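K.L.:
Data: input.pdb, PDB, C-alpha atoms.
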ATOM      1  CA  MET A   1     -11.961   7.151 -56.029
ATOM      2  CA  ALA A   2      -9.693   7.669 -53.054
ATOM      3  CA  GLN A   3     -10.498   5.561 -50.035
ATOM      4  CA  THR A   4     -11.025   7.369 -46.791
ATOM      5  CA  LYS A   5      -9.088   6.206 -43.786
ATOM      6  CA  PRO A   6     -11.189   4.717 -41.028
ATOM      7  CA  ALA A   7     -11.642   6.962 -38.028
ATOM      8  CA  PRO A   8      -9.256   6.105 -35.232
ATOM      9  CA  GLN A   9     -10.895   4.021 -32.571
ATOM     10  CA  GLY A  10     -11.096   5.389 -29.081
ATOM     11  CA  LYS A  11      -9.543   3.726 -26.102
ATOM     12  CA  LYS A  12     -11.068   0.559 -24.819
ATOM     13  CA  LEU A  13     -13.118   0.698 -21.650
ATOM     14  CA  LEU A  14     -10.465  -0.713 -19.333
ATOM     15  CA  GLU A  15      -7.874   1.677 -20.777
ATOM     16  CA  GLN A  16     -10.209   4.584 -20.025
ATOM     17  CA  TYR A  17     -10.671   3.121 -16.552
ATOM     18  CA  ARG A  18      -6.911   3.050 -15.951
ATOM     19  CA  ASP A  19      -6.639   6.660 -17.128
ATOM     20  CA  ALA A  20      -9.309   7.731 -14.638
ATOM     21  CA  ILE A  21      -7.470   5.923 -11.840
ATOM     22  CA  HIS A  22      -4.227   7.681 -12.785
ATOM     23  CA  LEU A  23      -5.980  11.047 -12.589
ATOM     24  CA  LYS A  24      -7.052  10.224  -9.046
ATOM     25  CA  HIS A  25      -3.459   9.263  -8.148
ATOM     26  CA  TYR A  26      -4.454   5.811  -6.932
ATOM     27  CA  SER A  27      -1.621   3.381  -6.313
ATOM     28  CA  ARG A  28      -0.585   0.783  -8.859
ATOM     29  CA  ARG A  29      -1.775  -1.928  -6.473
ATOM     30  CA  THR A  30      -5.252  -0.370  -6.280
ATOM     31  CA  GLU A  31      -5.314   0.036 -10.057
ATOM     32  CA  GLU A  32      -4.666  -3.643 -10.695
ATOM     33  CA  THR A  33      -7.201  -4.721  -8.068
ATOM     34  CA  TYR A  34      -9.935  -2.410  -9.382
ATOM     35  CA  VAL A  35      -9.347  -3.406 -13.008
ATOM     36  CA  SER A  36      -9.590  -7.093 -12.121
ATOM     37  CA  TRP A  37     -12.937  -6.535 -10.376
ATOM     38  CA  VAL A  38     -14.407  -4.605 -13.296
ATOM     39  CA  ARG A  39     -13.223  -7.310 -15.690
ATOM     40  CA  GLU A  40     -14.810 -10.011 -13.533
ATOM     41  CA  TYR A  41     -18.051  -8.012 -13.301
ATOM     42  CA  ILE A  42     -18.273  -7.766 -17.087
ATOM     43  CA  LEU A  43     -17.450 -11.459 -17.623
ATOM     44  CA  PHE A  44     -20.063 -12.500 -15.045
ATOM     45  CA  HIS A  45     -22.713 -10.786 -17.157
ATOM     46  CA  ASN A  46     -21.510 -12.472 -20.365
ATOM     47  CA  LYS A  47     -19.474  -9.491 -21.558
ATOM     48  CA  ARG A  48     -22.386  -7.070 -21.614
ATOM     49  CA  HIS A  49     -21.271  -3.455 -21.704
ATOM     50  CA  PRO A  50     -21.647  -1.777 -18.291
ATOM     51  CA  LYS A  51     -23.690   0.997 -19.965
ATOM     52  CA  GLU A  52     -26.413  -1.610 -20.487
ATOM     53  CA  MET A  53     -26.425  -2.522 -16.802
ATOM     54  CA  ALA A  54     -27.149  -0.740 -13.547
ATOM     55  CA  ALA A  55     -27.787  -1.327  -9.853
ATOM     56  CA  THR A  56     -29.688  -4.583 -10.378
ATOM     57  CA  GLU A  57     -26.794  -6.206 -12.222
ATOM     58  CA  ILE A  58     -24.305  -4.922  -9.670
ATOM     59  CA  ASN A  59     -26.342  -6.511  -6.872
ATOM     60  CA  GLN A  60     -26.483  -9.800  -8.791
ATOM     61  CA  PHE A  61     -22.701  -9.759  -8.997
ATOM     62  CA  LEU A  62     -22.349  -9.039  -5.269
ATOM     63  CA  VAL A  63     -24.717 -11.917  -4.449
ATOM     64  CA  HIS A  64     -22.578 -14.162  -6.658
ATOM     65  CA  LEU A  65     -19.450 -13.143  -4.749
ATOM     66  CA  ALA A  66     -21.102 -13.803  -1.394
ATOM     67  CA  SER A  67     -23.033 -16.989  -2.236
ATOM     68  CA  ASP A  68     -20.871 -18.739  -4.809
ATOM     69  CA  LYS A  69     -17.355 -17.490  -4.070
ATOM     70  CA  LYS A  70     -17.870 -17.087  -0.304
ATOM     71  CA  VAL A  71     -15.788 -13.894  -0.174
ATOM     72  CA  SER A  72     -15.720 -11.684   2.908
ATOM     73  CA  ALA A  73     -17.752  -8.509   3.344
ATOM     74  CA  SER A  74     -14.613  -6.388   2.982
ATOM     75  CA  THR A  75     -13.825  -8.055  -0.354
ATOM     76  CA  GLN A  76     -17.378  -7.473  -1.560
ATOM     77  CA  ASN A  77     -17.083  -3.805  -0.615
ATOM     78  CA  GLN A  78     -13.799  -3.587  -2.502
ATOM     79  CA  ALA A  79     -15.474  -5.012  -5.619
ATOM     80  CA  LEU A  80     -18.385  -2.594  -5.209
ATOM     81  CA  SER A  81     -16.001   0.377  -4.895
ATOM     82  CA  ALA A  82     -14.237  -0.644  -8.098
ATOM     83  CA  ILE A  83     -17.517  -0.912 -10.007
ATOM     84  CA  LEU A  84     -18.906   2.357  -8.639
ATOM     85  CA  PHE A  85     -15.675   4.069  -9.716
ATOM     86  CA  LEU A  86     -16.376   2.837 -13.243
ATOM     87  CA  TYR A  87     -19.878   4.290 -13.353
ATOM     88  CA  ARG A  88     -19.023   7.589 -11.669
ATOM     89  CA  HIS A  89     -15.680   8.495 -13.216
ATOM     90  CA  VAL A  90     -15.602   6.703 -16.581
ATOM     91  CA  LEU A  91     -19.181   6.204 -17.760
ATOM     92  CA  HIS A  92     -20.503   9.243 -15.837
ATOM     93  CA  LEU A  93     -23.779   7.476 -15.118
ATOM     94  CA  GLU A  94     -25.942   7.943 -12.045
ATOM     95  CA  LEU A  95     -26.995   4.768 -10.239
ATOM     96  CA  ASP A  96     -29.900   4.199  -7.905
ATOM     97  CA  GLU A  97     -27.927   4.308  -4.675
ATOM     98  CA  SER A  98     -31.002   3.328  -2.639
ATOM     99  CA  ILE A  99     -31.056  -0.081  -4.328
ATOM    100  CA  LEU A 100     -27.344  -0.544  -3.799
ATOM    101  CA  ALA A 101     -27.631   0.412  -0.145
ATOM    102  CA  GLU A 102     -29.929  -2.564   0.470
ATOM    103  CA  PHE A 103     -27.222  -4.951  -0.706
ATOM    104  CA  ARG A 104     -24.110  -3.158   0.530
ATOM    105  CA  PRO A 105     -22.188  -5.713   2.601
ATOM    106  CA  GLN A 106     -21.790  -4.826   6.268
ATOM    107  CA  ARG A 107     -18.283  -5.506   7.455
ATOM    108  CA  ALA A 108     -18.177  -7.331  10.762
ATOM    109  CA  LYS A 109     -16.438  -5.542  13.606
ATOM    110  CA  THR A 110     -13.275  -7.365  14.616
ATOM    111  CA  VAL A 111     -10.919  -6.806  17.522
ATOM    112  CA  PRO A 112      -7.334  -6.410  16.245
ATOM    113  CA  THR A 113      -4.540  -8.520  17.685
ATOM    114  CA  VAL A 114      -2.442  -6.487  20.095
ATOM    115  CA  LEU A 115       0.861  -7.516  21.636
ATOM    116  CA  SER A 116       1.921  -6.533  25.107
ATOM    117  CA  ARG A 117       5.201  -4.655  25.398
ATOM    118  CA  GLU A 118       6.910  -7.842  26.562
ATOM    119  CA  GLU A 119       5.455  -9.898  23.698
ATOM    120  CA  ALA A 120       6.462  -7.293  21.108
ATOM    121  CA  ARG A 121      10.013  -7.186  22.443
ATOM    122  CA  LEU A 122      10.199 -10.982  22.472
ATOM    123  CA  VAL A 123       9.129 -11.262  18.832
ATOM    124  CA  ILE A 124      11.539  -8.527  17.749
ATOM    125  CA  SER A 125      14.374 -10.243  19.667
ATOM    126  CA  LYS A 126      13.934 -13.269  17.384
ATOM    127  CA  MET A 127      14.556 -11.127  14.277
ATOM    128  CA  THR A 128      17.785  -9.850  12.738
ATOM    129  CA  GLY A 129      19.023  -7.374  10.159
ATOM    130  CA  THR A 130      16.772  -5.212   8.022
ATOM    131  CA  TYR A 131      13.551  -7.021   8.891
ATOM    132  CA  LYS A 132      14.183  -6.398  12.583
ATOM    133  CA  LEU A 133      14.752  -2.678  11.963
ATOM    134  CA  MET A 134      11.585  -2.426   9.853
ATOM    135  CA  THR A 135       9.533  -4.115  12.568
ATOM    136  CA  GLN A 136      11.018  -1.823  15.213
ATOM    137  CA  ILE A 137      10.001   1.201  13.126
ATOM    138  CA  MET A 138       6.441  -0.067  12.698
ATOM    139  CA  TYR A 139       6.186  -0.687  16.441
ATOM    140  CA  GLY A 140       7.968   2.508  17.481
ATOM    141  CA  SER A 141       6.362   4.822  14.916
ATOM    142  CA  GLY A 142       2.975   3.255  14.165
ATOM    143  CA  LEU A 143       3.588   2.813  10.439
ATOM    144  CA  ARG A 144       1.493   0.535   8.276
ATOM    145  CA  LEU A 145       3.281  -2.176   6.322
ATOM    146  CA  MET A 146       3.330  -0.392   2.958
ATOM    147  CA  GLU A 147       4.089   2.960   4.586
ATOM    148  CA  CYS A 148       7.235   1.421   6.024
ATOM    149  CA  LEU A 149       8.238  -0.216   2.750
ATOM    150  CA  ARG A 150       7.713   2.985   0.747
ATOM    151  CA  LEU A 151       9.799   5.236   2.985
ATOM    152  CA  ARG A 152      12.331   7.341   1.077
ATOM    153  CA  VAL A 153      15.614   8.585   2.522
ATOM    154  CA  LYS A 154      14.335  12.170   2.440
ATOM    155  CA  ASP A 155      11.425  11.165   4.713
ATOM    156  CA  ILE A 156      13.716  10.463   7.684
ATOM    157  CA  ASP A 157      14.290  13.573   9.832
ATOM    158  CA  PHE A 158      17.130  12.619  12.163
ATOM    159  CA  GLY A 159      17.369  16.095  13.677
ATOM    160  CA  ASN A 160      13.814  16.033  14.994
ATOM    161  CA  HIS A 161      13.549  12.249  15.410
ATOM    162  CA  GLN A 162      10.592  12.210  13.024
ATOM    163  CA  ILE A 163       9.401  10.258  10.010
ATOM    164  CA  ILE A 164       7.294  11.869   7.288
ATOM    165  CA  VAL A 165       4.729   9.425   5.920
ATOM    166  CA  ARG A 166       3.836  10.344   2.341
ATOM    167  CA  ASP A 167       0.517   9.380   0.744
ATOM    168  CA  GLY A 168      -0.693   7.384   3.704
ATOM    169  CA  LYS A 169      -4.222   6.083   4.037
ATOM    170  CA  GLY A 170      -6.523   8.548   2.286
ATOM    171  CA  GLU A 171      -3.506   9.967   0.391
ATOM    172  CA  ASP A 172      -2.672  12.189   3.371
ATOM    173  CA  ASP A 173       0.811  13.050   4.616
ATOM    174  CA  ARG A 174       1.578  12.936   8.325
ATOM    175  CA  MET A 175       4.511  13.116  10.694
ATOM    176  CA  THR A 176       5.295  10.567  13.380
ATOM    177  CA  MET A 177       8.094  10.051  15.849
ATOM    178  CA  PHE A 178      10.698   7.322  16.008
ATOM    179  CA  PRO A 179      12.332   6.171  19.275
ATOM    180  CA  ASP A 180      15.753   7.428  20.317
ATOM    181  CA  THR A 181      16.944   3.811  20.450
ATOM    182  CA  LEU A 182      16.545   3.573  16.662
ATOM    183  CA  LEU A 183      18.607   6.676  15.910
ATOM    184  CA  GLU A 184      22.000   4.999  15.500
ATOM    185  CA  PRO A 185      20.744   1.734  13.936
ATOM    186  CA  LEU A 186      18.825   3.776  11.384
ATOM    187  CA  ARG A 187      21.845   6.013  10.673
ATOM    188  CA  LEU A 188      24.019   2.938  10.089
ATOM    189  CA  HIS A 189      21.396   1.391   7.843
ATOM    190  CA  ILE A 190      21.140   4.572   5.742
ATOM    191  CA  GLN A 191      24.917   4.525   5.278
ATOM    192  CA  GLN A 192      24.677   0.984   3.934
ATOM    193  CA  VAL A 193      21.867   2.022   1.595
ATOM    194  CA  ARG A 194      24.036   4.896   0.332
ATOM    195  CA  ALA A 195      26.898   2.491  -0.427
ATOM    196  CA  LEU A 196      24.494   0.203  -2.315
ATOM    197  CA  HIS A 197      23.160   3.154  -4.320
ATOM    198  CA  GLN A 198      26.684   4.267  -5.241
ATOM    199  CA  ARG A 199      27.442   0.762  -6.530
ATOM    200  CA  ASP A 200      24.270   0.831  -8.612
ATOM    201  CA  LEU A 201      25.277   4.169 -10.122
ATOM    202  CA  ALA A 202      28.767   2.859 -10.899
ATOM    203  CA  ASP A 203      27.171  -0.121 -12.666
ATOM    204  CA  GLY A 204      25.029   2.163 -14.844
ATOM    205  CA  PHE A 205      21.807   1.860 -12.839
ATOM    206  CA  GLY A 206      20.761   3.743  -9.703
ATOM    207  CA  THR A 207      17.317   5.031 -10.714
ATOM    208  CA  VAL A 208      14.195   4.556  -8.629
ATOM    209  CA  TYR A 209      10.468   4.766  -9.330
ATOM    210  CA  LEU A 210       9.012   8.250  -8.779
ATOM    211  CA  PRO A 211       5.268   8.830  -8.314
ATOM    212  CA  TYR A 212       2.967  11.284 -10.104
ATOM    213  CA  ALA A 213       5.158  11.720 -13.197
ATOM    214  CA  LEU A 214       7.872  13.462 -11.171
ATOM    215  CA  GLU A 215      10.456  11.914 -13.492
ATOM    216  CA  ARG A 216       9.302  14.276 -16.247
ATOM    217  CA  LYS A 217       9.242  17.294 -13.926
ATOM    218  CA  TYR A 218      12.615  16.488 -12.318
ATOM    219  CA  PRO A 219      14.559  14.403 -14.867
ATOM    220  CA  ASN A 220      17.503  13.664 -12.562
ATOM    221  CA  ALA A 221      15.637  13.161  -9.300
ATOM    222  CA  ASN A 222      15.303   9.400  -9.785
ATOM    223  CA  ARG A 223      19.097   9.082  -9.398
ATOM    224  CA  GLU A 224      19.376  11.254  -6.303
ATOM    225  CA  PHE A 225      20.037   9.467  -3.035
ATOM    226  CA  ALA A 226      17.292  11.399  -1.231
ATOM    227  CA  TRP A 227      14.649   9.641  -3.367
ATOM    228  CA  GLN A 228      15.966   6.114  -2.821
ATOM    229  CA  TYR A 229      13.968   3.706  -0.709
ATOM    230  CA  VAL A 230      15.089   3.342   2.904
ATOM    231  CA  PHE A 231      14.549  -0.400   2.568
ATOM    232  CA  PRO A 232      15.651  -1.312  -0.971
ATOM    233  CA  ALA A 233      15.279  -4.778  -2.468
ATOM    234  CA  SER A 234      18.345  -6.978  -2.587
ATOM    235  CA  ASP A 235      18.139  -7.293  -6.394
ATOM    236  CA  LEU A 236      17.394  -5.002  -9.311
ATOM    237  CA  SER A 237      14.129  -5.578 -11.173
ATOM    238  CA  ILE A 238      12.323  -4.371 -14.281
ATOM    239  CA  ASP A 239       9.692  -1.721 -13.667
ATOM    240  CA  PRO A 240       6.490  -3.095 -15.311
ATOM    241  CA  VAL A 241       5.426   0.334 -16.590
ATOM    242  CA  SER A 242       8.662   2.005 -17.729
ATOM    243  CA  GLY A 243      10.604  -1.162 -18.504
ATOM    244  CA  ILE A 244      13.648   0.307 -16.721
ATOM    245  CA  LYS A 245      15.870  -1.934 -14.618
ATOM    246  CA  GLN A 246      16.100  -0.358 -11.190
ATOM    247  CA  ARG A 247      15.918  -1.089  -7.469
ATOM    248  CA  HIS A 248      12.492  -1.238  -5.882
ATOM    249  CA  HIS A 249      11.691  -1.556  -2.179
ATOM    250  CA  VAL A 250      11.635  -4.815  -0.216
ATOM    251  CA  ASN A 251       8.722  -7.096  -1.088
ATOM    252  CA  GLU A 252       6.002  -7.053   1.557
ATOM    253  CA  SER A 253       5.721 -10.852   1.623
ATOM    254  CA  SER A 254       9.333 -11.133   2.789
ATOM    255  CA  LEU A 255       8.663  -9.014   5.859
ATOM    256  CA  GLN A 256       5.380 -10.809   6.542
ATOM    257  CA  LYS A 257       7.169 -14.172   6.525
ATOM    258  CA  ALA A 258       9.951 -12.870   8.771
ATOM    259  CA  VAL A 259       7.454 -11.573  11.359
ATOM    260  CA  LYS A 260       5.451 -14.806  11.401
ATOM    261  CA  GLN A 261       8.620 -16.865  11.740
ATOM    262  CA  ALA A 262       9.769 -14.705  14.663
ATOM    263  CA  ALA A 263       6.364 -15.068  16.347
ATOM    264  CA  ARG A 264       6.626 -18.858  16.069
ATOM    265  CA  LEU A 265      10.124 -18.813  17.556
ATOM    266  CA  ALA A 266       8.869 -16.577  20.370
ATOM    267  CA  LYS A 267       5.988 -19.045  20.937
ATOM    268  CA  ILE A 268       3.382 -16.300  20.766
ATOM    269  CA  ASP A 269      -0.023 -17.982  20.476
ATOM    270  CA  LYS A 270      -1.619 -15.093  18.606
ATOM    271  CA  PRO A 271      -2.008 -14.358  14.869
ATOM    272  CA  VAL A 272       0.923 -11.965  14.486
ATOM    273  CA  SER A 273       1.574  -9.962  11.310
ATOM    274  CA  PRO A 274       3.444  -6.710  10.560
ATOM    275  CA  HIS A 275       0.217  -4.768  11.055
ATOM    276  CA  THR A 276      -0.038  -6.180  14.581
ATOM    277  CA  PHE A 277       2.859  -3.926  15.548
ATOM    278  CA  ARG A 278       0.954  -0.832  14.365
ATOM    279  CA  HIS A 279      -2.004  -1.784  16.587
ATOM    280  CA  SER A 280       0.397  -2.486  19.443
ATOM    281  CA  PHE A 281       1.991   0.943  18.923
ATOM    282  CA  GLY A 282      -1.420   2.559  19.303
ATOM    283  CA  ARG A 283      -2.037   0.744  22.583
ATOM    284  CA  SER A 284       1.445   1.551  23.916
ATOM    285  CA  PHE A 285       1.188   5.190  22.809
ATOM    286  CA  GLY A 286      -2.167   5.494  24.543
ATOM    287  CA  ARG A 287      -0.658   4.215  27.798
ATOM    288  CA  LEU A 288       2.226   6.668  27.415
ATOM    289  CA  VAL A 289      -0.159   9.601  26.979
ATOM    290  CA  ASN A 290      -2.237   8.504  29.969
ATOM    291  CA  ALA A 291       0.872   8.146  32.136
ATOM    292  CA  SER A 292       2.033  11.628  31.132
ATOM    293  CA  ARG A 293      -1.391  13.064  31.828
ATOM    294  CA  ASP A 294      -1.535  11.428  35.251
ATOM    295  CA  ALA A 295       1.937  12.785  36.065
ATOM    296  CA  ILE A 296       0.877  16.287  35.107
ATOM    297  CA  CYS A 297      -2.319  16.031  37.135
TER     298      CYS A 297
END
Can the structure in the file be given as structure tokens, please?
P.N.:
Amino acid sequence: MAQTKPAPQGKKLLEQYRDAIHLKHYSRRTEETYVSWVREYILFHNKRHPKEMAATEINQFLVHLASDKKVSASTQNQALSAILFLYRHVLHLELDESILAEFRPQRAKTVPTVLSREEARLVISKMTGTYKLMTQIMYGSGLRLMECLRLRVKDIDFGNHQIIVRDGKGEDDRMTMFPDTLLEPLRLHIQQVRALHQRDLADGFGTVYLPYALERKYPNANREFAWQYVFPASDLSIDPVSGIKQRHHVNESSLQKAVKQAARLAKIDKPVSPHTFRHSFGRSFGRLVNASRDAIC
């Protein structure tokens, strides 16, 4: 009697979860963070399947995070978002939102650190090279840290003195200005990036990560200079998904360390980070608009 082959097993829960995240075009960083929270949620409940649990078990997990692990309200909300994504988009189960609302952590309102124009200039004066240019762009254009790091050459519009921010917060695109004073430094930097890319191509490399499966749609685009990062890493690295050796963008921790070091040298007694320059841009831009309005009036 011929033996029948066992039916192929479906994907495991976390694999299905990753697939759902890919469909929503979430970033790789968000994917890893969400997966880790779902894994921790399941382990906390002794590996029970999430189908067997609901709002009560989710609340127990949130209480554990707050009471035992002492995490912040924003971290609790991040964990809750990851778990709700599981129930809504993978398990397709409705939860009692009224119960969850009672335990939803309320994030405390905080006042962001803002630098005066003199303080910002002083910090930037203590920086050199690429990190200085990146900080100037964040301050002069209001870019977030990862928005700056993920800039591609094609996103710089020299003719109109504009930067196109792709997939910003909320996956929206937007346009922002960059100061005239950065025009020539940025042009020179792009020339250096082009020379680096040409060396990579000559060495048999030169590809770059493309989002949303664009590599399949445009097979040669990952070698084109327009798609290269404006701020490439100093070394080639292995892409964890494709396994291809290529040049990624600068690591965010490197810029964070450079900004903090510059703030110490400038003797600024405030908690300064790259994001501080975005907040400072908003304050400076607001003053500029008010001054223009007053002049018109």
K.L.:
Taking into account all atoms listed in the file, which residue in the set A:Ser254, A:Gln78, A:Thr207, A:Gln228 is nearest to A:Thr30?
P.N.:
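Using all atoms listed in the file, A:Thr30 sits closest to A:Gln78.
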K.L.:
Counting all atoms listed in the file, which residue out of A:Leu93, A:Val250, A:Leu65, A:Met146 sits closest to A:Leu236?
P.N.:
A:Val250
K.L.:
One decimal, Å: what's the distance from atom CA of A:Ile163 over to atom CA of A:Ile137, could you say?
P.N.:
9.6 Å
K.L.:
I need the residue nearest A:Val272 from this list: A:Ala120, A:Leu14, A:Leu43, A:Met134. Use all atoms listed in the file for the distance.
P.N.:
A:Ala120
K.L.:
Once the PyMOL selection byres ((chain A and resi 25) around 12) has been applied to the shown file, what residues remain in the selection, as a PDB file with C-alpha atoms, in the frame of the given file?
P.N.:
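result-v7.pdb written:
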ATOM      1  CA  ARG A  18      -6.911   3.050 -15.951  1.00  0.00           C
ATOM      2  CA  ASP A  19      -6.639   6.660 -17.128  1.00  0.00           C
ATOM      3  CA  ALA A  20      -9.309   7.731 -14.638  1.00  0.00           C
ATOM      4  CA  ILE A  21      -7.470   5.923 -11.840  1.00  0.00           C
ATOM      5  CA  HIS A  22      -4.227   7.681 -12.785  1.00  0.00           C
ATOM      6  CA  LEU A  23      -5.980  11.047 -12.589  1.00  0.00           C
ATOM      7  CA  LYS A  24      -7.052  10.224  -9.046  1.00  0.00           C
ATOM      8  CA  TYR A  26      -4.454   5.811  -6.932  1.00  0.00           C
ATOM      9  CA  SER A  27      -1.621   3.381  -6.313  1.00  0.00           C
ATOM     10  CA  ARG A  28      -0.585   0.783  -8.859  1.00  0.00           C
ATOM     11  CA  ARG A  29      -1.775  -1.928  -6.473  1.00  0.00           C
ATOM     12  CA  THR A  30      -5.252  -0.370  -6.280  1.00  0.00           C
ATOM     13  CA  GLU A  31      -5.314   0.036 -10.057  1.00  0.00           C
ATOM     14  CA  ASP A 167       0.517   9.380   0.744  1.00  0.00           C
ATOM     15  CA  GLY A 170      -6.523   8.548   2.286  1.00  0.00           C
ATOM     16  CA  GLU A 171      -3.506   9.967   0.391  1.00  0.00           C
ATOM     17  CA  ASP A 172      -2.672  12.189   3.371  1.00  0.00           C
ATOM     18  CA  PRO A 211       5.268   8.830  -8.314  1.00  0.00           C
ATOM     19  CA  TYR A 212       2.967  11.284 -10.104  1.00  0.00           C
ATOM     20  CA  ALA A 213       5.158  11.720 -13.197  1.00  0.00           C
TER      21      ALA A 213
END
K.L.:
Counting only C-alpha atoms, which residues of stretch 115-141 of chain A sit at most 12 Å from some atom of stretch 186-191 of chain A, and what is each one's closest atom pair with its distance in Å to one decimal, listed by chain and rising residue number, as a tab-separated table?
P.N.:
residue	atom	partner	partner_atom	distance
A:Gly129	CA	A:His189	CA	9.4
A:Thr130	CA	A:His189	CA	8.1
A:Tyr131	CA	A:His189	CA	11.6
A:Lys132	CA	A:Leu186	CA	11.2
A:Leu133	CA	A:Leu186	CA	7.7
A:Met134	CA	A:Leu186	CA	9.7
A:Gln136	CA	A:Leu186	CA	10.3
A:Ile137	CA	A:Leu186	CA	9.4
K.L.:
Near A:Arg150, counting only C-alpha atoms, which residues have an atom at most 10 Å away, once you skip same-chain residues fewer than 4 positions from it, shown as a CSV table (one decimal) with C-alpha atoms, keeping the file's coordinate frame?
P.N.:
chain,number,residue,atom,x,y,z
A,145,LEU,CA,3.3,-2.2,6.3
A,146,MET,CA,3.3,-0.4,3.0
A,155,ASP,CA,11.4,11.2,4.7
A,165,VAL,CA,4.7,9.4,5.9
A,166,ARG,CA,3.8,10.3,2.3
A,167,ASP,CA,0.5,9.4,0.7
A,168,GLY,CA,-0.7,7.4,3.7
A,228,GLN,CA,16.0,6.1,-2.8
A,229,TYR,CA,14.0,3.7,-0.7
A,230,VAL,CA,15.1,3.3,2.9
A,231,PHE,CA,14.5,-0.4,2.6
A,232,PRO,CA,15.7,-1.3,-1.0
A,248,HIS,CA,12.5,-1.2,-5.9
A,249,HIS,CA,11.7,-1.6,-2.2
A,250,VAL,CA,11.6,-4.8,-0.2
K.L.:
Taking into account only C-alpha atoms, which residue in the set A:Val90, A:Ala221, A:Leu115, A:Ala79 is nearest to A:Pro271?
P.N.:
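Comparing A:Val90, A:Ala221, A:Leu115, A:Ala79 against A:Pro271, the winner is A:Leu115.
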K.L.:
Which one is closest to A:Gln192: A:Val153, A:Ile238, A:Leu84, A:Leu13? Count all atoms listed in the file.
P.N.:
A:Val153
K.L.:
Counting all atoms listed in the file, which residue out of A:Ser141, A:Gln198, A:Thr276, A:Asn77 sits closest to A:Gln256?
P.N.:
A:Thr276
K.L.:
Could you pull the residues within 12 Å of A:Ala202, counting only C-alpha atoms, minus those fewer than 6 positions along the same chain, as a list in words?
P.N.:
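Near neighbours after the sequence-gap exclusion: Ala195, Leu196 and Arg223 of chain A.
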K.L.:
Record the distance separating atom CA of A:Ser72 and atom CA of A:Phe44, expressed in Å with one decimal.
P.N.:
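Taking atom CA of A:Ser72 and atom CA of A:Phe44, their separation equals 18.5 Å.
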K.L.:
Expanded to explicit residues, what is the PyMOL selection byres ((chain A and resi 42) around 12) for this file, as a list in words?
P.N.:
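Going through the file, the PyMOL selection byres ((chain A and resi 42) around 12) ends up selecting Leu13, Leu14, Val35, Ser36, Trp37, Val38, Arg39, Glu40, Tyr41, Leu43, Phe44, His45, Asn46, Lys47, Arg48, His49, Pro50, Lys51, Glu52, Met53, Ala54, Glu57, Ile58, Gln60, Phe61, Ile83 and Leu86 of chain A.
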K.L.:
For atom CA of A:Gln162 and atom CA of A:Pro179, quote the distance in Å rounded to one decimal.
P.N.:
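Distance reported for this atom pair: 8.9 Å.
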